[in-house]
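Notes follow the structure.
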Amino acid sequence: MKAVERITGKFNTSENIVTHELKCGKISGALIVHPDLSDAAVARAAIFALENCAQKLSSLDDFVRYALLEYDIKISADVDDCVNKLLNGDMLLCAENDDRYAVINARSYTTRSIIEPPTETVMRGPREGFIEDLKTNLSLLERRLKTPDLSIERMEIGRRTKTNIALCYLGSVAQPSVVKKIKQRLSKIDIDGVVDSHYLVPYIEEKPQSLFTQTGISEKPDVVAAKVLEGRVAIIVDGSPMVVTAPFLLLEEFQSGEDYYQRSAYSTFVRILRYLGLILATLLPGLYVALQNFHYTLIPVRFMITLMTAIKGLPLSPLSETLLVLLLFEIIREASVRMPRAVGMAMSIVGALVLGETAVNAGLISSPAVMVTALSSIALFTVPNFIGPMSVLRILYTLVGGLCGFFGLILAVLFTLHYICSLNAYDTPYLAPLAPLVYDDFKDAIERGPLPDMKKRPKSIPNINGTRQV
């Protein structure tokens with residue numbers, strides 16, 4: 001049958017698909033199925049319905065009208081589109097002397113259950129997390145945004161993967177120019193395949209080579225829904241539990257969905273701890289090295305005596321010693337993440353304790369350097385989504401502090417702040433509402449004000465409807 005040959009000719013090997021030949025009354029037909037992606041029960045039921053139909057079938061339209069009335073079916077004559085549908089799990093029904101195909105929805109994927117995401121655990125609040133199925137993820141978001149104003153635009157990206165993408169935003173809130181710009185950048189992507197949402201991030205960022213990410217990433221439907229309500233655009237990718245949001249502010253790294261489910265005073269206190277954790281994580285090793293190399297007169301006498309006793313006889317300079325300990329901690333952290341969960345925690349604890357204690361006793365490193373690095377490493381995890389940039393920055397600041405002292409460290413921090421202030425994506429200053437100052441957004445910046453006081457949407461995020469509550 002020519003209709004079958006047109007489909008099978010698109011495949012390198014015909015073993016990928018199965019063809020069931022049918023004889024229905026006066027006409028012959030064929031059902032083309034991808035056994036790995038289609039529901040076998042739906043295929044068997046369709047074959048039974050076609051072969052046992054009491055009506056006299058004489059065309060493809062009769063197949064759909066009489067035998068498969070209860071199925072979700074679309075008619076298409078585009079061979080490439082039908083092959084794409086087949087690779088997405090649909091079945092194709094064709095009839096002799098007819099160039100068209102009936103596309104039958106029979107998609108069946110094995111997906112994991114909805115659980116709490118491991119990267120965003122909370123004590124209070126919803127515990128649902130996105131999974132690797134686009135339909136399920138859209139349903140999780142639509143359950144929270146029950147409004148016809150929610151716009152969902154679908155795209156396909158990837159010449160070979162044909163990955164389904166969904167753009168979600170509120171039509172009466174999101175800035176149309178932002179939505180248009182994101183859609184244009186996504187439509188220009190010409191790549192073999194997209195296997196995760198992170199593949200799209202470099203294409204929609206203003207400066208993809210930057211150390212700082214300019215898009216938000218979340219696994220929690222409540223967090224994504226809250227960002228969409230503020231005027232952002234959410235990008236959901238089939239096969240990925242990570243949802244990308246844009247525009248993005250640096251302060252979002254210090255916010256958590258749990259902040260809005262607790263008392264505002266406590267949430268503000270926790271946010272201040274996160275900012276202090278950022279300062280400790282990035283600057284503490286550099287300050288420690290700078291004090292030893294250039295500014296030892298600023299160290300109190302008693303602490304100086306203790307420090308001199310600890311570092312007496314060490315073969316390494318303060319800079320080399322601190323960099324060595326930092327690299328050891330980074331290796332231990334990376335190994336604990338990559339190892340099986342059952343032994344990862346034990347390995348990280350035993351590795352840090354045994355390795356650190358042995359190195360101190362052997363006289364290779366000092367106990368103050370281990371303590372400073374350990375405190376800095378613990379502070380890293382106060383802002384888990386910002387670990388990558390902070391790890392790189394603290395090594396750079398340690399180098400600057402060891403070579404140039406306090407003055408070089410101050411210049412390095414000022415340069416970093418200047419660079420962050422220069423970032424601007426989708427008409428959204430990266431450091432807003434601090435630079436530039438947007439006083440109305442201070443209620444949800446460093447502090448977390450009471451929800452009744454947040455009557456307006458953030459002005460830092462472009463939107464066309466600033467009223468949140470009356």
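We name chains A, B, ... following the order of the structure tokens; residues begin at 1 in each chain, and ligands are numbered from 1 as shown.
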
What are the nearest atom pairs, with distances in Å to one decimal, for all residues of segment 248-275 of chain A that come at most 8 Å from segment 111-131 of chain A, using only C-alpha atoms, set out by chain and rising residue number as a Markdown table?
| residue | atom | partner | partner_atom | distance |
| --- | --- | --- | --- | --- |
| A:Gly257 | CA | A:Gly125 | CA | 7.8 |
| A:Glu258 | CA | A:Arg124 | CA | 6.2 |
| A:Tyr261 | CA | A:Gly125 | CA | 6.2 |
| A:Gln262 | CA | A:Arg124 | CA | 7.8 |

query: How would you write, as a PyMOL selection string, the set of residues in segment 130-359 of chain A that DSSP gives as strand (DSSP E)?
result: chain A and resi 150-157+163-170+216-218+233-237+243-246

field: Selection near Pro285 of chain A, 9 Å with only C-alpha atoms, sequence-local residues under 2 positions removed, as a count of residues only
entry: 20

field: For Asp196 of chain A, the nearest of the candidates A:Asn463, A:Ser108, A:Thr136, A:Ser240, counting only C-alpha atoms
entry: A:Ser240

message: With only C-alpha atoms as the counted atoms, please give the residues lying no more than 12 Å from Asn137 of chain A, apart from itself and same-chain residues fewer than 2 positions off, as a PyMOL selection string.
response: chain A and resi 111+113-114+128-135+139-144+165-166+168+219-222+224-225+234-243

Store the residues of this selection in a file with N, CA, C and O atoms, as a compact mmCIF listing (two decimals), in the first residue's frame.
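What ended up in part23.txt:
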# COMPACT_ATOMS: atom_id res chain seq x y z
N THR A 111 5.97 7.49 33.25
CA THR A 111 6.49 8.65 33.97
C THR A 111 6.54 8.36 35.46
O THR A 111 5.81 7.50 35.97
N SER A 113 6.04 9.30 39.48
CA SER A 113 4.95 9.93 40.20
C SER A 113 5.34 11.33 40.66
O SER A 113 6.52 11.69 40.71
N ILE A 114 4.34 12.11 41.02
CA ILE A 114 4.56 13.47 41.48
C ILE A 114 5.02 13.42 42.94
O ILE A 114 4.28 12.95 43.81
N GLU A 128 4.17 19.32 45.98
CA GLU A 128 4.16 18.78 44.62
C GLU A 128 5.32 19.35 43.81
O GLU A 128 5.73 20.49 44.00
N GLY A 129 5.82 18.55 42.91
CA GLY A 129 6.90 18.97 42.03
C GLY A 129 6.62 18.56 40.60
O GLY A 129 5.91 17.58 40.35
N PHE A 130 7.15 19.31 39.67
CA PHE A 130 7.00 18.96 38.27
C PHE A 130 7.72 17.64 37.98
O PHE A 130 8.66 17.26 38.68
N ILE A 131 7.26 16.96 36.93
CA ILE A 131 7.90 15.72 36.49
C ILE A 131 8.31 15.88 35.03
O ILE A 131 8.31 17.00 34.50
N GLU A 132 8.65 14.77 34.37
CA GLU A 132 9.17 14.84 33.01
C GLU A 132 8.09 14.74 31.94
O GLU A 132 8.39 14.47 30.77
N ASP A 133 6.84 14.98 32.29
CA ASP A 133 5.74 14.88 31.32
C ASP A 133 5.10 16.25 31.15
O ASP A 133 4.66 16.87 32.13
N LEU A 134 5.06 16.74 29.93
CA LEU A 134 4.54 18.09 29.66
C LEU A 134 3.07 18.22 30.03
O LEU A 134 2.66 19.21 30.65
N LYS A 135 2.27 17.22 29.69
CA LYS A 135 0.83 17.29 29.98
C LYS A 135 0.58 17.37 31.48
O LYS A 135 -0.25 18.17 31.94
N SER A 139 -0.99 20.55 33.65
CA SER A 139 -2.16 20.38 34.53
C SER A 139 -1.86 20.89 35.94
O SER A 139 -2.74 21.48 36.59
N LEU A 140 -0.63 20.68 36.42
CA LEU A 140 -0.26 21.19 37.75
C LEU A 140 -0.31 22.71 37.79
O LEU A 140 -0.72 23.31 38.80
N LEU A 141 0.10 23.34 36.69
CA LEU A 141 0.07 24.81 36.64
C LEU A 141 -1.35 25.33 36.45
O LEU A 141 -1.75 26.31 37.09
N GLU A 142 -2.12 24.67 35.60
CA GLU A 142 -3.49 25.12 35.34
C GLU A 142 -4.39 24.93 36.55
O GLU A 142 -5.38 25.66 36.71
N ARG A 143 -4.09 23.97 37.40
CA ARG A 143 -4.87 23.79 38.63
C ARG A 143 -4.73 25.00 39.55
O ARG A 143 -5.64 25.30 40.32
N ARG A 144 -3.59 25.68 39.46
CA ARG A 144 -3.35 26.84 40.33
C ARG A 144 -3.75 28.14 39.67
O ARG A 144 -3.93 29.15 40.36
N ILE A 165 7.41 22.24 23.48
CA ILE A 165 7.65 23.35 24.41
C ILE A 165 6.34 24.08 24.62
O ILE A 165 5.55 24.25 23.69
N ALA A 166 6.09 24.53 25.84
CA ALA A 166 4.88 25.30 26.15
C ALA A 166 5.27 26.60 26.83
O ALA A 166 5.97 26.59 27.84
N CYS A 168 3.88 29.72 28.89
CA CYS A 168 2.72 30.00 29.73
C CYS A 168 2.85 31.41 30.30
O CYS A 168 3.89 31.75 30.88
N GLU A 219 11.30 23.78 40.20
CA GLU A 219 10.60 22.49 40.06
C GLU A 219 9.24 22.51 40.74
O GLU A 219 8.54 21.49 40.71
N LYS A 220 8.85 23.63 41.35
CA LYS A 220 7.61 23.66 42.13
C LYS A 220 6.52 24.44 41.40
O LYS A 220 6.74 25.59 40.99
N PRO A 221 5.35 23.85 41.21
CA PRO A 221 4.26 24.54 40.52
C PRO A 221 3.80 25.81 41.23
O PRO A 221 3.43 26.78 40.56
N ASP A 222 3.81 25.84 42.58
CA ASP A 222 3.36 27.03 43.27
C ASP A 222 4.31 28.20 43.04
O ASP A 222 3.88 29.36 42.91
N VAL A 224 6.26 28.64 40.30
CA VAL A 224 6.08 29.07 38.91
C VAL A 224 4.77 29.85 38.76
O VAL A 224 4.72 30.88 38.07
N ALA A 225 3.71 29.39 39.42
CA ALA A 225 2.43 30.10 39.34
C ALA A 225 2.55 31.51 39.92
O ALA A 225 2.02 32.47 39.36
N ALA A 234 6.64 31.55 31.71
CA ALA A 234 7.17 30.24 32.10
C ALA A 234 7.33 29.38 30.85
O ALA A 234 6.43 29.34 30.00
N ILE A 235 8.47 28.70 30.75
CA ILE A 235 8.75 27.83 29.60
C ILE A 235 8.85 26.40 30.12
O ILE A 235 9.78 26.06 30.86
N ILE A 236 7.89 25.56 29.74
CA ILE A 236 7.85 24.17 30.17
C ILE A 236 8.28 23.29 29.01
O ILE A 236 7.75 23.41 27.90
N VAL A 237 9.23 22.41 29.26
CA VAL A 237 9.80 21.55 28.22
C VAL A 237 9.43 20.11 28.52
O VAL A 237 9.59 19.63 29.64
N ASP A 238 8.93 19.43 27.51
CA ASP A 238 8.59 18.01 27.67
C ASP A 238 9.87 17.21 27.93
O ASP A 238 10.86 17.35 27.21
N GLY A 239 9.84 16.38 28.97
CA GLY A 239 11.00 15.59 29.33
C GLY A 239 11.86 16.21 30.39
O GLY A 239 12.91 15.64 30.74
N SER A 240 11.47 17.36 30.93
CA SER A 240 12.28 18.03 31.95
C SER A 240 11.38 18.49 33.09
O SER A 240 10.32 19.07 32.86
N PRO A 241 11.79 18.26 34.36
CA PRO A 241 11.01 18.76 35.49
C PRO A 241 11.36 20.21 35.86
O PRO A 241 10.74 20.77 36.75
N MET A 242 12.36 20.78 35.18
CA MET A 242 12.80 22.15 35.47
C MET A 242 12.07 23.12 34.55
O MET A 242 12.17 23.02 33.32
N VAL A 243 11.36 24.07 35.14
CA VAL A 243 10.64 25.08 34.38
C VAL A 243 11.43 26.38 34.40
O VAL A 243 11.86 26.85 35.46

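Take the candidates A:Ala95, A:Met1, A:Gly277, A:Glu51 and check each one against Ser28 of chain A using only C-alpha atoms; the shortest distance goes to A:Ala95.
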
message: Neighbouring residues of Val179 of chain A were defined as those with any atom within 12 Å, considering only C-alpha atoms; residues of the same chain fewer than 3 positions away were excluded. Please report them as an NGL selection string.
response: :A and (151-153 or 167-176 or 182-186 or 204 or 228 or 231-235 or 245-247 or 426-427 or 462-463)

Writer output for current selection, C-alpha atoms, as a CSV table (one decimal), in the first residue's frame:
chain,number,residue,atom,x,y,z
A,151,SER,CA,-2.2,31.7,27.6
A,152,ILE,CA,-0.4,28.5,26.6
A,153,GLU,CA,1.5,28.5,23.3
A,167,LEU,CA,5.0,29.0,26.9
A,168,CYS,CA,2.7,30.0,29.7
A,169,TYR,CA,1.8,33.6,30.7
A,170,LEU,CA,-1.2,35.7,31.7
A,171,GLY,CA,-2.4,37.7,28.7
A,172,SER,CA,-3.6,40.7,30.7
A,173,VAL,CA,-0.5,40.9,32.9
A,174,ALA,CA,2.6,39.9,30.9
A,175,GLN,CA,4.2,42.6,28.8
A,176,PRO,CA,3.5,41.7,25.1
A,182,ILE,CA,11.1,35.3,24.0
A,183,LYS,CA,9.1,33.6,21.2
A,184,GLN,CA,11.3,35.1,18.6
A,185,ARG,CA,14.4,33.8,20.3
A,186,LEU,CA,13.0,30.3,20.7
A,204,ILE,CA,17.0,33.3,25.7
A,228,VAL,CA,3.5,34.0,36.2
A,231,GLY,CA,4.0,39.0,34.8
A,232,ARG,CA,6.8,36.5,33.9
A,233,VAL,CA,6.7,33.9,31.2
A,234,ALA,CA,7.2,30.2,32.1
A,235,ILE,CA,8.8,27.8,29.6
A,245,THR,CA,11.0,31.6,33.9
A,246,ALA,CA,11.9,35.0,32.5
A,247,PRO,CA,12.5,37.9,33.2
A,426,TYR,CA,13.9,41.9,28.7
A,427,ASP,CA,13.9,45.5,30.1
A,462,PRO,CA,7.6,44.6,33.0
A,463,ASN,CA,3.8,44.1,33.1

task: Extract, using only C-alpha atoms, all DNA, RNA and protein residues at most 9 Å from Gln255 of chain A, discarding same-chain residues fewer than 6 positions from it, and format them as a PyMOL selection string.
output: chain A and resi 271+274+383+445-446

Take the selection from the previous step and output its residues with C-alpha atoms, as a PDB file, in the first residue's frame.
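Written out: again36.pdb:
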ATOM      1  CA  ARG A 271      16.427  36.325  54.065  1.00  0.00           C
ATOM      2  CA  ARG A 274      20.936  34.269  53.292  1.00  0.00           C
ATOM      3  CA  VAL A 383      21.499  29.984  48.673  1.00  0.00           C
ATOM      4  CA  ALA A 445      13.198  42.573  48.421  1.00  0.00           C
ATOM      5  CA  ILE A 446      15.438  42.160  51.461  1.00  0.00           C
TER       6      ILE A 446
END

- prompt: DSSP on the backbone: what in segment 282-313 of chain A comes out alpha helix (DSSP H), as a PyMOL selection string?
  reply: chain A and resi 282-293+301-311

message: I'd like to know which of A:Ala30, A:Gly363, A:Met371, A:Asn97 is closest to Phe329 of chain A, using only C-alpha atoms.
response: A:Met371

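Excluding Ala67 of chain A itself and same-chain residues fewer than 6 positions from it, the residues having an atom within 6 Å of it are Ala49, Leu50 and Cys53 of chain A, counting only C-alpha atoms.
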
Include all heavy atoms and write out the residues we just selected as a short mmCIF file (atom, residue, chain, number, x, y, z; two decimals), in the first residue's frame.
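The result, stored in again.cif:
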data_model
loop_
_atom_site.label_atom_id
_atom_site.label_comp_id
_atom_site.auth_asym_id
_atom_site.auth_seq_id
_atom_site.Cartn_x
_atom_site.Cartn_y
_atom_site.Cartn_z
N ALA A 49 -12.36 -2.94 16.64
CA ALA A 49 -13.50 -2.13 16.20
C ALA A 49 -13.58 -2.06 14.69
O ALA A 49 -14.68 -2.09 14.11
CB ALA A 49 -13.39 -0.72 16.80
N LEU A 50 -12.44 -1.97 14.02
CA LEU A 50 -12.43 -1.87 12.56
C LEU A 50 -12.84 -3.19 11.91
O LEU A 50 -13.62 -3.21 10.94
CB LEU A 50 -11.03 -1.46 12.08
CG LEU A 50 -10.63 0.00 12.34
CD1 LEU A 50 -9.13 0.18 12.13
CD2 LEU A 50 -11.41 0.94 11.43
N CYS A 53 -16.79 -4.00 12.56
CA CYS A 53 -17.78 -2.95 12.35
C CYS A 53 -18.92 -3.49 11.49
O CYS A 53 -18.70 -4.13 10.45
CB CYS A 53 -17.13 -1.74 11.67
SG CYS A 53 -18.27 -0.36 11.45
#

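Each of A:Leu399, A:Ile17, A:Val325, A:Ala45 was checked against Leu86 of chain A using only C-alpha atoms; the smallest atom-to-atom distance is that of A:Ile17.
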
query: Out of A:Glu70, A:Asp98, A:Asp192, A:Glu253, which residue has the shortest atom-to-atom distance to Ala46 of chain A when counting only C-alpha atoms?
result: A:Glu70

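Relative to atom CA of Ile420 of chain A, atom CA of Ile378 of chain A is found at 24.2 Å.
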
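Distances here use only C-alpha atoms; by that measure, the residue among A:Leu393, A:Leu431, A:Val201, A:Leu31 closest to Leu284 of chain A is A:Leu393.
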